[in-house]
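Below: the structure, in structure tokens.
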Amino acid sequence: MKRIKPFTYFAPATVSEAVGVLAKEGVGAYPLAGGTDLLVRMKRGDLAPGALVNLKRIAGLDGIVKESGGLRIGALATIRAVELSSVVRASHPVLVEAAGLLGSPSIRNLGTLGGNIGRASPASDMAPSLIVLRGRIGIEGVEGKREVAVEEFFKGPGETVLSSGEMITSIYVPEMQEGSGAAYMKIGRLEGMDCALAGVAGYLALGAKGREVREVGLAVAACAPMPLRVKRAEEVLRSGDLTEERLQETARVVAEEVTPISDMRGSGWYRREVVGILAYRVLAKAWQLAAGDGGGR
Ligand SMILES: Cc1cc2nc3c(=O)[nH]c(=O)nc-3n(C[C@H](O)[C@H](O)[C@H](O)COP(=O)(O)OP(=O)(O)OC[C@H]3O[C@@H](n4cnc5c(N)ncnc54)[C@H](O)[C@@H]3O)c2cc1C
């Protein structure tokens, strides 16, 4: 194991103190939440921050609360808290599903939602579901507060729209519509201890007859430089009533639209094959849930 380079450590008690330190310390300063990603990269020698700003002492950033029109999850809410939350299960069960597929219980107990999004890993398990639910990221910095759609937050592997001196404070997801359903599925090499080789989240809101498509969402993990909304495939899904053939055609377009790389987890060719299969399965499940056959909204 490589030696960790010295860094300055801060443990602010408020968000304004934290963003003040982040702004003052500049690009070498990193927020530290659960540390399941950041500390691993530091130990491996992949990252040498000049400063760590521990967010864990900031009170009130780990709440999961219903708001008018939606749900707000604090950046410090752990993945385990999301997985076990009866509030999330009742309003956005797909987030419970995605959280339950992330890492192992020990990782989920420490890892936070803000850390999962802030890392901007292309393989983030939470991002695709948040994208299809039209989630918004609450950001605070020295200049003030702003909100950004989850799908616009990622700029590339490890890159986000956050400026130096900004941090994520919460993630907001609007209520799911009546007659809607959503699902997330992933394939990894080692169950529980590996990031996604490919992941897909799908959202469908249907008309009263169960075939007329009112709203759709489709997003992938680990098949592009960032968690990605696959808009061309969404168009296919939106272009007429739901049929078995339309699902198959949509899945084919997902496989075309992604730009997967080959790495130690799998080849680009394999990723393209499995992402189409996952897309089909996810949409079939979302359809079933939306039609009221299995506990959707
Ligand atoms: C064995 C193992 C298995 C894993 N499996 C998975 C998996 O299956 N799926 C998956 O998606 N991930 C996986 N991970 C990655 C990681 O555990 C998760 O992404 C976790 O949610 C990260 O949260 P954290 O709080 O630990 O982040 P940290 O490690 O504290 O931080 C991660 C990054 O986000 C930044 N950050 C943290 N909080 C904020 C904030 N509030 N605002 C702005 N930036 C912030 C940090 O500066 C850092 O760059 C795995 C990791 C390990 C070690």
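By order of appearance in the structure tokens: chains A, B, ..., then residues from 1 within every chain, and ligands from 1 in the order shown.
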Env. residues ligand 1 / 8 Å / only C-alpha atoms and all ligand atoms / as JSON, numbers by chain
{"A": [29, 30, 31, 32, 33, 34, 35, 36, 37, 38, 39, 40, 52, 55, 75, 76, 78, 79, 101, 102, 103, 104, 107, 108, 110, 111, 112, 113, 114, 115, 116, 117, 118, 119, 120, 121, 123, 124, 125, 126, 139, 158, 162, 166, 167, 168, 169, 170, 188, 192, 193, 194, 195, 196]}
Could you dump the residues just selected with N, CA and C atoms as a compact mmCIF listing (two decimals), in the first residue's frame?
```
# COMPACT_ATOMS: atom_id res chain seq x y z
N ALA A 29 -8.96 20.71 -2.25
CA ALA A 29 -9.76 20.38 -1.06
C ALA A 29 -10.96 19.51 -1.46
N TYR A 30 -11.18 18.43 -0.71
CA TYR A 30 -12.29 17.50 -1.01
C TYR A 30 -13.22 17.38 0.19
N PRO A 31 -14.53 17.43 -0.05
CA PRO A 31 -15.46 17.08 1.04
C PRO A 31 -15.28 15.60 1.35
N LEU A 32 -15.33 15.25 2.63
CA LEU A 32 -15.25 13.85 3.06
C LEU A 32 -16.59 13.50 3.72
N ALA A 33 -17.25 12.46 3.19
CA ALA A 33 -18.52 12.02 3.80
C ALA A 33 -18.28 10.65 4.43
N GLY A 34 -18.75 9.57 3.79
CA GLY A 34 -18.51 8.23 4.35
C GLY A 34 -17.08 7.77 4.18
N GLY A 35 -16.39 8.32 3.20
CA GLY A 35 -14.98 7.96 2.95
C GLY A 35 -14.79 6.64 2.22
N THR A 36 -15.87 5.95 1.84
CA THR A 36 -15.72 4.61 1.23
C THR A 36 -15.09 4.67 -0.15
N ASP A 37 -15.15 5.82 -0.76
CA ASP A 37 -14.51 6.00 -2.07
C ASP A 37 -13.24 6.83 -1.94
N LEU A 38 -13.37 7.97 -1.27
CA LEU A 38 -12.26 8.93 -1.18
C LEU A 38 -11.04 8.32 -0.48
N LEU A 39 -11.26 7.68 0.67
CA LEU A 39 -10.13 7.15 1.43
C LEU A 39 -9.48 5.98 0.71
N VAL A 40 -10.30 5.20 -0.01
CA VAL A 40 -9.75 4.08 -0.78
C VAL A 40 -8.83 4.62 -1.87
N LEU A 52 -8.86 17.78 3.50
CA LEU A 52 -10.12 17.03 3.61
C LEU A 52 -11.06 17.82 4.51
N LEU A 55 -17.55 16.33 6.48
CA LEU A 55 -18.90 16.90 6.58
C LEU A 55 -19.72 16.25 7.69
N ALA A 75 -27.68 15.13 1.88
CA ALA A 75 -26.47 14.58 1.25
C ALA A 75 -25.78 13.56 2.15
N LEU A 76 -25.93 13.70 3.47
CA LEU A 76 -25.25 12.78 4.38
C LEU A 76 -26.10 11.56 4.76
N THR A 78 -27.13 8.01 4.64
CA THR A 78 -26.36 6.86 4.13
C THR A 78 -27.21 6.08 3.12
N ILE A 79 -26.51 5.30 2.31
CA ILE A 79 -27.20 4.44 1.34
C ILE A 79 -28.09 3.44 2.10
N LEU A 101 -28.76 -2.58 -4.02
CA LEU A 101 -27.82 -3.24 -4.95
C LEU A 101 -26.42 -2.63 -4.88
N LEU A 102 -26.26 -1.58 -4.08
CA LEU A 102 -24.96 -0.88 -4.02
C LEU A 102 -24.04 -1.57 -3.00
N GLY A 103 -22.92 -2.03 -3.46
CA GLY A 103 -21.88 -2.57 -2.58
C GLY A 103 -22.39 -3.63 -1.62
N SER A 104 -21.83 -3.62 -0.42
CA SER A 104 -22.19 -4.59 0.63
C SER A 104 -22.83 -3.80 1.79
N ILE A 107 -20.47 -1.23 3.25
CA ILE A 107 -20.28 -0.04 2.40
C ILE A 107 -21.52 0.85 2.49
N ARG A 108 -22.70 0.23 2.48
CA ARG A 108 -23.95 1.02 2.52
C ARG A 108 -24.12 1.73 3.87
N LEU A 110 -21.78 3.10 5.62
CA LEU A 110 -20.90 4.28 5.68
C LEU A 110 -21.15 5.23 4.51
N GLY A 111 -21.31 4.68 3.32
CA GLY A 111 -21.43 5.49 2.10
C GLY A 111 -22.69 6.33 2.12
N THR A 112 -22.59 7.54 1.59
CA THR A 112 -23.73 8.47 1.60
C THR A 112 -24.23 8.72 0.18
N LEU A 113 -25.44 9.26 0.11
CA LEU A 113 -26.00 9.59 -1.20
C LEU A 113 -25.21 10.74 -1.83
N GLY A 114 -24.85 11.73 -0.99
CA GLY A 114 -24.06 12.86 -1.52
C GLY A 114 -22.71 12.40 -2.05
N GLY A 115 -22.09 11.43 -1.37
CA GLY A 115 -20.80 10.90 -1.82
C GLY A 115 -20.94 10.12 -3.11
N ASN A 116 -22.03 9.38 -3.23
CA ASN A 116 -22.25 8.59 -4.45
C ASN A 116 -22.41 9.50 -5.67
N ILE A 117 -23.11 10.61 -5.48
CA ILE A 117 -23.32 11.55 -6.58
C ILE A 117 -22.08 12.43 -6.77
N GLY A 118 -21.51 12.90 -5.65
CA GLY A 118 -20.35 13.80 -5.72
C GLY A 118 -19.14 13.15 -6.37
N ARG A 119 -19.02 11.84 -6.26
CA ARG A 119 -17.90 11.11 -6.87
C ARG A 119 -17.98 11.14 -8.40
N ALA A 120 -19.19 11.28 -8.93
CA ALA A 120 -19.41 11.31 -10.39
C ALA A 120 -18.79 10.10 -11.07
N SER A 121 -18.96 8.93 -10.45
CA SER A 121 -18.48 7.71 -11.11
C SER A 121 -19.47 7.34 -12.21
N ALA A 123 -20.21 4.56 -12.95
CA ALA A 123 -20.88 3.35 -12.47
C ALA A 123 -21.76 3.60 -11.25
N SER A 124 -22.04 4.86 -10.93
CA SER A 124 -22.88 5.15 -9.76
C SER A 124 -24.21 4.40 -9.86
N ASP A 125 -24.54 3.68 -8.78
CA ASP A 125 -25.81 2.94 -8.78
C ASP A 125 -27.01 3.81 -8.48
N MET A 126 -26.81 4.95 -7.81
CA MET A 126 -27.96 5.78 -7.45
C MET A 126 -28.33 6.75 -8.57
N ILE A 139 -27.37 22.44 -4.11
CA ILE A 139 -25.95 22.79 -4.00
C ILE A 139 -25.83 24.07 -3.19
N GLY A 158 -15.68 11.49 -12.89
CA GLY A 158 -15.17 12.26 -11.75
C GLY A 158 -15.35 13.77 -11.89
N LEU A 162 -19.93 21.23 -10.09
CA LEU A 162 -19.59 21.94 -8.84
C LEU A 162 -18.36 22.81 -9.05
N GLU A 166 -18.06 24.68 -3.57
CA GLU A 166 -19.47 24.27 -3.54
C GLU A 166 -19.57 22.82 -3.07
N MET A 167 -20.69 22.49 -2.45
CA MET A 167 -20.94 21.09 -2.06
C MET A 167 -22.42 20.76 -2.24
N ILE A 168 -22.68 19.46 -2.29
CA ILE A 168 -24.07 18.99 -2.38
C ILE A 168 -24.65 19.01 -0.97
N THR A 169 -25.86 19.56 -0.83
CA THR A 169 -26.50 19.52 0.49
C THR A 169 -27.69 18.55 0.51
N SER A 170 -28.35 18.37 -0.63
CA SER A 170 -29.50 17.46 -0.65
C SER A 170 -29.82 17.04 -2.09
N GLY A 188 -23.01 -7.00 -12.17
CA GLY A 188 -21.64 -6.78 -11.70
C GLY A 188 -20.92 -8.12 -11.70
N GLY A 192 -22.24 -7.74 -4.47
CA GLY A 192 -22.02 -7.05 -3.19
C GLY A 192 -20.67 -6.35 -3.05
N MET A 193 -19.68 -6.69 -3.85
CA MET A 193 -18.38 -6.07 -3.62
C MET A 193 -17.80 -5.45 -4.89
N ASP A 194 -18.64 -5.14 -5.84
CA ASP A 194 -18.10 -4.57 -7.07
C ASP A 194 -19.09 -3.57 -7.65
N CYS A 195 -18.53 -2.59 -8.36
CA CYS A 195 -19.40 -1.62 -9.01
C CYS A 195 -20.03 -2.25 -10.25
N ALA A 196 -21.03 -1.55 -10.79
CA ALA A 196 -21.79 -2.10 -11.92
C ALA A 196 -20.90 -2.28 -13.15
```
Residues within 9 Å of region 265-275 of chain A, only C-alpha atoms, excluding chain neighbours under 2 positions, as a list in words
Lys186, Ile187, Gly188, Arg189, Cys195, Ala196, Leu197, Ala198, Gly199, Val200, Val220, Ala222, Cys223, Ala251, Val254, Ala255, Glu256, Val258, Thr259, Pro260, Ile261, Ser262, Asp263, Ile277, Leu278, Ala279 and Tyr280 of chain A
My list of candidates is A:Lys231, A:Ser129, A:Pro157, A:Gly292. Which is closest to Gly210 (chain A) when distances are computed with only C-alpha atoms?
A:Gly292
Minimum-distance residue to Ala208 (chain A), chosen among A:Ile137, A:Glu17, A:Ala291, A:Gln248 (using only C-alpha atoms)
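Looking at the shortest contact to Ala208 (chain A), the residue is A:Ala291.
Neighbours of Lys66 (chain A) closer than or equal to 12 Å, with only C-alpha atoms counted and sequence neighbours fewer than 5 positions away skipped, come out as Leu71, Arg72, Ile73, Gly74, Ser85, Ser86, Val87, Val88, Ala90, Ser91, His92, Ile171, Tyr172, Val173, Pro174 and Glu175 of chain A.
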Point-to-point distance in Å for CA of Glu140 (chain A) and CA of Met176 (chain A)
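Value for the CA of Met176 (chain A)-CA of Glu140 (chain A) distance: 26.0 Å.
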Exercise: region 1-11 of chain A partners within 9 Å, only C-alpha atoms, chain neighbours under 4 positions left out, as a PyMOL selection string:
chain A and resi 18+21+29+42-45+47-58
